[in-house]
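Novice: Here it is: the structure, laid out below.
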Amino acid sequence: MRTASLTFQALSKQLKFRHLMLLDALAHTKNMRLAAEQMNVTQPAATKTLHDLEELMGASLFDRLPREMRPTELGALVISYARRALNDLERFVNEINVRKEGGYGHLVIGAIPASFGNIVTAAIKAIKQRRPLLTIKLFEQSSDQLLIGLEQKKFDFIIGRFTENRQKEIFNFESLIDETLWVVVNGQHPLLKKKKLSINELGDWPWILQPASSPSRQLMEESFSQAGMAMPANLTETPSAFPMLQLLQSSEMVTLQPRSAVSEYVKRGILGRLPIKFDRKLSPYGIITHKEDIMSGSAQEFIVTLHEIVRKMH
């Protein structure tokens with residue numbers, strides 16, 4: 001296999017989408033036969049496609065093991081690009097089809113639960129009044145998962161926080177709002193009868209929390225550590241607001257949540273806020289876009305609408 005340097009000219013002329021599709025299929029199945037079936041081609045054809053790609057790259061992309069095909073370090077890099085390119089192409093195809101059918105395009109947005117309560121929903125309502133035929137796909141996840149999706153070009157943009165310093169080199173960030181954290185329980189919880197409460201009294205209660213990589217979870221772990229406490233042993237994890245609210249209302253679980261996500265439920269008495277304060281606040285959440293992307297008109301309008309809503313809140 002040749003070892004000459006790869007050039008942009010050679011890659012742009014010879015790299016095909018079938019190469020990228022095979023890489024993605026092999027990464028998922030780790031098996032050439034299954035990857036070929038997924039692509040609806042013969043196994044010899046799939047094998048030749050991979051051979052041609054490795055010839056083009058000048059390096060092996062997979063280790064051929066007895067029971068699986070495992071990506072090499074270089075293969076993992078190429079697979080990452082393949083997934084981004086395929087996701088970008090899918091978004092492009094969807095946009096073309098919507099426009100051809102007389103629609104106003106579509107947006108794919110990811111958002112953390114904290115942004116739903118009074119920002120994202122208000123922005124959707126406002127933009128739908130101006131563009132009723134704009135299709136909006138909204139996904140709720142924790143920041144770490146949203147950033148993975150944005151790097152893979154699954155979203156037009158996301159609303160969340162950075163979780164690693166390296167992300168600042170890949171994405172742009174526009175701050176929206178600072179967030180205060182509340183410790184909340186169901187509206188009839190025994191702890192609500194106490195006028196004074198310390199974090200030391202919460203360790204034995206069952207907790208529902210964001211995943212370990214989320215900023216709110218990290219803040220809680222630091223707070224427990226500073227109080228000389230181990231993390232509660234009885235934990236349930238979910239990045240989604242709906243199961244969190246259902247579990248809180250039907251149990252004696254305790255949770256740490258952004259104020260904006262739970263304030264309305266506290267106001268209505270469905271949930272109760274415990275008198276626990278944290279010295280630290282979460283970093284602001286905001287709009288995160290990929291530095292390589294050019295925002296569509298619909299995406300730019302939605303982002304402007306988000307900023308307008310935040311200004312009205314203040």
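Ordering of the structure tokens sets the chain letters (A, B, ...), residue numbers begin anew at 1 in every chain, and ligands are numbered from 1 in the order given.
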Enumerate as a PyMOL selection string all residues of range 146-218 of chain A assigned to helix (DSSP H, G or I) by DSSP on the backbone, naming them with the chain letters and numbers the document uses.

Specialist: chain A and resi 146-151+167-170+190-193+199-201+215-218

Novice: Give me, as number ranges by chain, the residues of range 69-254 of chain A that a backbone DSSP run labels strand (DSSP E or B).

Specialist: A: 69-71, 106-111, 135-140, 157-160, 171-179, 181-186, 207-209, 235-237, 254

Novice: Report as a PyMOL selection string all protein, DNA and RNA residues lying within 12 Å of Arg161 in chain A, evaluated on only C-alpha atoms, omitting residues in the same chain fewer than 5 positions from it.

Specialist: chain A and resi 110-115+141-147+167-168+171-179+213-216+282-289

Novice: Calculate how many Å separate CA of Lys30 in chain A from CA of Leu15 in chain A, rounding to one decimal.

Specialist: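 So the answer is 21.4 Å.
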
Novice: Within 12 Å of range 57-73 of chain A, counting only C-alpha atoms, which residues show up once you throw out same-chain ones fewer than 6 positions away? Write them as a CSV table (one decimal) with N, CA and C atoms, in the first residue's frame, please.

Specialist:
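This went into out_13.csv:
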```
chain,number,residue,atom,x,y,z
A,1,MET,N,0.8,-1.2,0.0
A,1,MET,CA,0.0,0.0,0.0
A,1,MET,C,0.9,1.2,0.0
A,2,ARG,N,0.6,2.2,-0.9
A,2,ARG,CA,1.4,3.4,-1.0
A,2,ARG,C,1.4,4.2,0.3
A,3,THR,N,2.4,5.0,0.5
A,3,THR,CA,2.5,5.8,1.7
A,3,THR,C,2.7,7.3,1.4
A,4,ALA,N,2.4,7.6,0.1
A,4,ALA,CA,2.5,9.0,-0.3
A,4,ALA,C,1.5,9.9,0.4
A,5,SER,N,1.8,11.2,0.6
A,5,SER,CA,0.9,12.1,1.3
A,5,SER,C,-0.4,12.2,0.5
A,6,LEU,N,-1.5,12.3,1.3
A,6,LEU,CA,-2.8,12.5,0.7
A,6,LEU,C,-3.0,13.9,0.3
A,7,THR,N,-3.5,14.2,-0.9
A,7,THR,CA,-3.8,15.5,-1.3
A,7,THR,C,-5.3,15.8,-1.5
A,8,PHE,N,-5.6,17.1,-1.3
A,8,PHE,CA,-7.0,17.5,-1.5
A,8,PHE,C,-7.5,17.2,-2.9
A,10,ALA,N,-6.6,14.8,-5.0
A,10,ALA,CA,-6.8,13.4,-5.1
A,10,ALA,C,-8.1,13.0,-4.4
A,11,LEU,N,-8.3,13.4,-3.2
A,11,LEU,CA,-9.4,13.0,-2.4
A,11,LEU,C,-10.7,13.6,-3.0
A,14,GLN,N,-11.6,11.4,-6.1
A,14,GLN,CA,-11.8,9.9,-6.0
A,14,GLN,C,-12.7,9.5,-4.8
A,15,LEU,N,-12.9,10.4,-3.8
A,15,LEU,CA,-13.7,10.0,-2.7
A,15,LEU,C,-15.2,10.0,-3.0
A,19,HIS,N,-18.1,5.3,-0.3
A,19,HIS,CA,-17.0,5.0,0.6
A,19,HIS,C,-17.4,5.4,2.0
A,22,LEU,N,-20.0,3.0,3.5
A,22,LEU,CA,-19.4,1.7,3.9
A,22,LEU,C,-18.7,1.9,5.2
A,23,LEU,N,-18.0,3.0,5.4
A,23,LEU,CA,-17.3,3.2,6.6
A,23,LEU,C,-18.3,3.3,7.8
A,24,ASP,N,-19.4,4.0,7.6
A,24,ASP,CA,-20.4,4.1,8.7
A,24,ASP,C,-21.0,2.8,9.0
A,25,ALA,N,-21.3,2.0,8.0
A,25,ALA,CA,-21.9,0.7,8.2
A,25,ALA,C,-20.9,-0.3,8.9
A,26,LEU,N,-19.6,-0.2,8.5
A,26,LEU,CA,-18.6,-1.1,9.1
A,26,LEU,C,-18.4,-0.7,10.6
A,27,ALA,N,-18.4,0.6,10.8
A,27,ALA,CA,-18.3,1.1,12.2
A,27,ALA,C,-19.4,0.6,13.1
A,28,HIS,N,-20.6,0.5,12.6
A,28,HIS,CA,-21.7,0.0,13.4
A,28,HIS,C,-21.7,-1.5,13.5
A,29,THR,N,-21.5,-2.2,12.4
A,29,THR,CA,-21.6,-3.7,12.4
A,29,THR,C,-20.3,-4.4,12.7
A,30,LYS,N,-19.2,-3.8,12.4
A,30,LYS,CA,-17.8,-4.4,12.6
A,30,LYS,C,-17.7,-5.7,11.9
A,31,ASN,N,-18.5,-5.9,10.8
A,31,ASN,CA,-18.6,-7.1,10.0
A,31,ASN,C,-18.8,-6.8,8.6
A,32,MET,N,-18.0,-7.2,7.7
A,32,MET,CA,-18.1,-6.9,6.3
A,32,MET,C,-19.4,-7.4,5.6
A,33,ARG,N,-19.8,-8.7,6.0
A,33,ARG,CA,-21.0,-9.2,5.4
A,33,ARG,C,-22.2,-8.4,5.8
A,34,LEU,N,-22.3,-8.1,7.1
A,34,LEU,CA,-23.5,-7.3,7.6
A,34,LEU,C,-23.5,-5.9,7.0
A,35,ALA,N,-22.3,-5.3,6.8
A,35,ALA,CA,-22.2,-4.0,6.2
A,35,ALA,C,-22.6,-4.0,4.8
A,47,THR,N,-16.0,-5.3,-0.1
A,47,THR,CA,-14.6,-5.5,0.2
A,47,THR,C,-13.7,-4.7,-0.8
A,50,LEU,N,-13.8,-1.0,0.2
A,50,LEU,CA,-12.9,-0.6,1.3
A,50,LEU,C,-11.5,-0.7,0.8
A,51,HIS,N,-11.1,-1.6,0.0
A,51,HIS,CA,-9.7,-1.7,-0.5
A,51,HIS,C,-9.4,-0.5,-1.3
A,79,ILE,N,-13.8,7.7,9.9
A,79,ILE,CA,-15.2,7.4,10.2
A,79,ILE,C,-15.9,8.6,10.8
A,80,SER,N,-15.2,9.3,11.7
A,80,SER,CA,-15.8,10.5,12.2
A,80,SER,C,-16.2,11.5,11.1
```

Novice: For the atom pair CA of Gly228 in chain A and CA of Lys193 in chain A, what is the interatomic distance in Å to one decimal place?

Specialist: 25.2 Å

Novice: For range 236-243 of chain A, list every protein, DNA or RNA residue within 8 Å, evaluated using only C-alpha atoms, and leave out those in the same chain fewer than 3 positions away; present the list as a ChimeraX atom specification.

Specialist: /A:113,140-142,206-211,246-247,261

Novice: Selection from above, N, CA, C and O atoms, as a short mmCIF file (atom, residue, chain, number, x, y, z; two decimals), in the first residue's frame, can you write it?

Specialist:
```
data_model
loop_
_atom_site.label_atom_id
_atom_site.label_comp_id
_atom_site.auth_asym_id
_atom_site.auth_seq_id
_atom_site.Cartn_x
_atom_site.Cartn_y
_atom_site.Cartn_z
N PRO A 113 -32.71 20.58 28.88
CA PRO A 113 -34.02 20.76 29.51
C PRO A 113 -34.24 22.14 30.11
O PRO A 113 -35.34 22.67 30.07
N GLU A 140 -34.32 16.97 23.00
CA GLU A 140 -33.91 17.32 24.35
C GLU A 140 -32.86 16.32 24.84
O GLU A 140 -33.10 15.13 24.89
N GLN A 141 -31.68 16.83 25.18
CA GLN A 141 -30.60 16.00 25.70
C GLN A 141 -29.71 16.83 26.61
O GLN A 141 -29.86 18.06 26.70
N SER A 142 -28.77 16.16 27.28
CA SER A 142 -27.79 16.88 28.08
C SER A 142 -26.74 17.50 27.15
O SER A 142 -26.58 17.09 25.99
N PRO A 206 -33.30 9.24 48.13
CA PRO A 206 -33.07 8.87 46.72
C PRO A 206 -33.01 10.12 45.86
O PRO A 206 -33.76 11.07 46.08
N TRP A 207 -32.10 10.11 44.90
CA TRP A 207 -31.89 11.28 44.03
C TRP A 207 -32.14 10.92 42.58
O TRP A 207 -31.91 9.79 42.15
N ILE A 208 -32.59 11.91 41.83
CA ILE A 208 -32.66 11.80 40.37
C ILE A 208 -31.81 12.93 39.82
O ILE A 208 -31.98 14.10 40.18
N LEU A 209 -30.84 12.56 38.95
CA LEU A 209 -29.83 13.51 38.51
C LEU A 209 -29.58 13.42 37.01
O LEU A 209 -29.91 12.44 36.36
N GLN A 210 -28.96 14.48 36.51
CA GLN A 210 -28.45 14.47 35.14
C GLN A 210 -27.29 13.48 35.05
O GLN A 210 -26.70 13.09 36.07
N PRO A 211 -26.91 13.04 33.84
CA PRO A 211 -25.76 12.13 33.70
C PRO A 211 -24.48 12.71 34.28
O PRO A 211 -24.36 13.93 34.44
N GLN A 246 -42.11 13.21 36.29
CA GLN A 246 -42.99 12.11 36.65
C GLN A 246 -42.49 11.38 37.89
O GLN A 246 -43.26 11.04 38.79
N LEU A 247 -41.19 11.14 37.95
CA LEU A 247 -40.61 10.45 39.10
C LEU A 247 -40.72 11.30 40.36
O LEU A 247 -41.03 10.79 41.44
N ALA A 261 -36.33 25.44 34.71
CA ALA A 261 -36.97 24.19 34.34
C ALA A 261 -38.07 23.78 35.32
O ALA A 261 -38.97 23.01 34.96
#
```

Novice: Mind checking which residues fall within 12 Å of Glu292 in chain A, counting only C-alpha atoms, ignoring those fewer than 2 positions away in the same chain, and posting them as a list in words?

Specialist: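 Counting only C-alpha atoms, the residues come to Arg84, Ala85, Asp88, Leu150, Glu151, Gln152, Lys153, Asp156, Phe157, Glu169, Ile170, Phe171, Asn172, Thr289, His290, Ile294 and Met295 of chain A.
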
Novice: Based on the selection just made, write N, CA and C atoms of those residues as a PDB file, in the first residue's frame.

Specialist:
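selection.pdb, freshly written:
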```
ATOM      1  N   ARG A  84     -20.054  12.849   9.863  1.00  0.00           N
ATOM      2  CA  ARG A  84     -20.405  14.269   9.742  1.00  0.00           C
ATOM      3  C   ARG A  84     -20.897  14.580   8.338  1.00  0.00           C
ATOM      4  N   ALA A  85     -20.192  14.041   7.342  1.00  0.00           N
ATOM      5  CA  ALA A  85     -20.564  14.318   5.955  1.00  0.00           C
ATOM      6  C   ALA A  85     -21.927  13.735   5.604  1.00  0.00           C
ATOM      7  N   ASP A  88     -24.657  15.739   7.311  1.00  0.00           N
ATOM      8  CA  ASP A  88     -24.797  17.020   6.613  1.00  0.00           C
ATOM      9  C   ASP A  88     -25.570  16.825   5.307  1.00  0.00           C
ATOM     10  N   LEU A 150     -23.852  17.727  17.511  1.00  0.00           N
ATOM     11  CA  LEU A 150     -23.514  18.912  16.716  1.00  0.00           C
ATOM     12  C   LEU A 150     -22.208  18.696  15.967  1.00  0.00           C
ATOM     13  N   GLU A 151     -21.241  18.042  16.597  1.00  0.00           N
ATOM     14  CA  GLU A 151     -19.976  17.760  15.918  1.00  0.00           C
ATOM     15  C   GLU A 151     -20.185  16.816  14.740  1.00  0.00           C
ATOM     16  N   GLN A 152     -21.187  15.937  14.861  1.00  0.00           N
ATOM     17  CA  GLN A 152     -21.510  15.012  13.782  1.00  0.00           C
ATOM     18  C   GLN A 152     -22.495  15.619  12.779  1.00  0.00           C
ATOM     19  N   LYS A 153     -22.793  16.903  12.921  1.00  0.00           N
ATOM     20  CA  LYS A 153     -23.668  17.644  12.008  1.00  0.00           C
ATOM     21  C   LYS A 153     -25.118  17.157  12.037  1.00  0.00           C
ATOM     22  N   ASP A 156     -28.720  21.817  13.368  1.00  0.00           N
ATOM     23  CA  ASP A 156     -28.358  23.128  12.831  1.00  0.00           C
ATOM     24  C   ASP A 156     -27.619  23.925  13.896  1.00  0.00           C
ATOM     25  N   PHE A 157     -28.109  23.863  15.114  1.00  0.00           N
ATOM     26  CA  PHE A 157     -27.422  24.452  16.263  1.00  0.00           C
ATOM     27  C   PHE A 157     -28.019  23.833  17.521  1.00  0.00           C
ATOM     28  N   GLU A 169     -12.680  25.219  20.400  1.00  0.00           N
ATOM     29  CA  GLU A 169     -11.964  25.324  19.136  1.00  0.00           C
ATOM     30  C   GLU A 169     -12.834  24.897  17.951  1.00  0.00           C
ATOM     31  N   ILE A 170     -13.909  24.159  18.237  1.00  0.00           N
ATOM     32  CA  ILE A 170     -14.759  23.610  17.179  1.00  0.00           C
ATOM     33  C   ILE A 170     -16.035  24.428  16.994  1.00  0.00           C
ATOM     34  N   PHE A 171     -16.539  24.992  18.108  1.00  0.00           N
ATOM     35  CA  PHE A 171     -17.851  25.635  18.081  1.00  0.00           C
ATOM     36  C   PHE A 171     -17.775  27.103  18.487  1.00  0.00           C
ATOM     37  N   ASN A 172     -18.785  27.856  18.025  1.00  0.00           N
ATOM     38  CA  ASN A 172     -19.016  29.223  18.494  1.00  0.00           C
ATOM     39  C   ASN A 172     -20.072  29.206  19.584  1.00  0.00           C
ATOM     40  N   THR A 289     -22.952  26.864  17.858  1.00  0.00           N
ATOM     41  CA  THR A 289     -22.978  26.542  16.430  1.00  0.00           C
ATOM     42  C   THR A 289     -21.615  25.998  16.013  1.00  0.00           C
ATOM     43  N   HIS A 290     -21.616  25.204  14.964  1.00  0.00           N
ATOM     44  CA  HIS A 290     -20.367  24.648  14.434  1.00  0.00           C
ATOM     45  C   HIS A 290     -19.659  25.717  13.603  1.00  0.00           C
ATOM     46  N   ILE A 294     -22.550  27.248   7.767  1.00  0.00           N
ATOM     47  CA  ILE A 294     -23.160  28.524   7.384  1.00  0.00           C
ATOM     48  C   ILE A 294     -24.631  28.429   7.745  1.00  0.00           C
ATOM     49  N   MET A 295     -25.084  29.293   8.643  1.00  0.00           N
ATOM     50  CA  MET A 295     -26.451  29.215   9.138  1.00  0.00           C
ATOM     51  C   MET A 295     -27.456  29.581   8.046  1.00  0.00           C
TER      52      MET A 295
END
```

Novice: Just checking: using only C-alpha atoms, which residue out of A:Ser298, A:Asn94, A:Asn200, A:Asn186 ends up closest to Val254 in chain A?

Specialist: A:Asn186

Novice: With only C-alpha atoms as the atoms that count, which of A:Leu138, A:Ile199, A:Val183, A:Ala212 lies nearest to Thr163 in chain A?

Specialist: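 Closest to Thr163 in chain A, using only C-alpha atoms: A:Ala212.
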
Novice: Met21 in chain A: which residues within 8 Å, counting only C-alpha atoms, same-chain residues fewer than 5 positions away excluded, as a PDB file with N, CA and C atoms, in the first residue's frame?

Specialist:
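In the end it all went to selection29.pdb:
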```
ATOM      1  N   MET A  39     -25.864  -2.073   3.018  1.00  0.00           N
ATOM      2  CA  MET A  39     -25.746  -1.209   1.836  1.00  0.00           C
ATOM      3  C   MET A  39     -26.419  -1.808   0.606  1.00  0.00           C
ATOM      4  N   ALA A  82     -16.759  10.737   7.998  1.00  0.00           N
ATOM      5  CA  ALA A  82     -17.835  10.133   7.203  1.00  0.00           C
ATOM      6  C   ALA A  82     -19.194  10.403   7.826  1.00  0.00           C
ATOM      7  N   LEU A  86     -22.199  12.516   6.074  1.00  0.00           N
ATOM      8  CA  LEU A  86     -23.487  11.877   5.780  1.00  0.00           C
ATOM      9  C   LEU A  86     -24.634  12.592   6.475  1.00  0.00           C
TER      10      LEU A  86
END
```
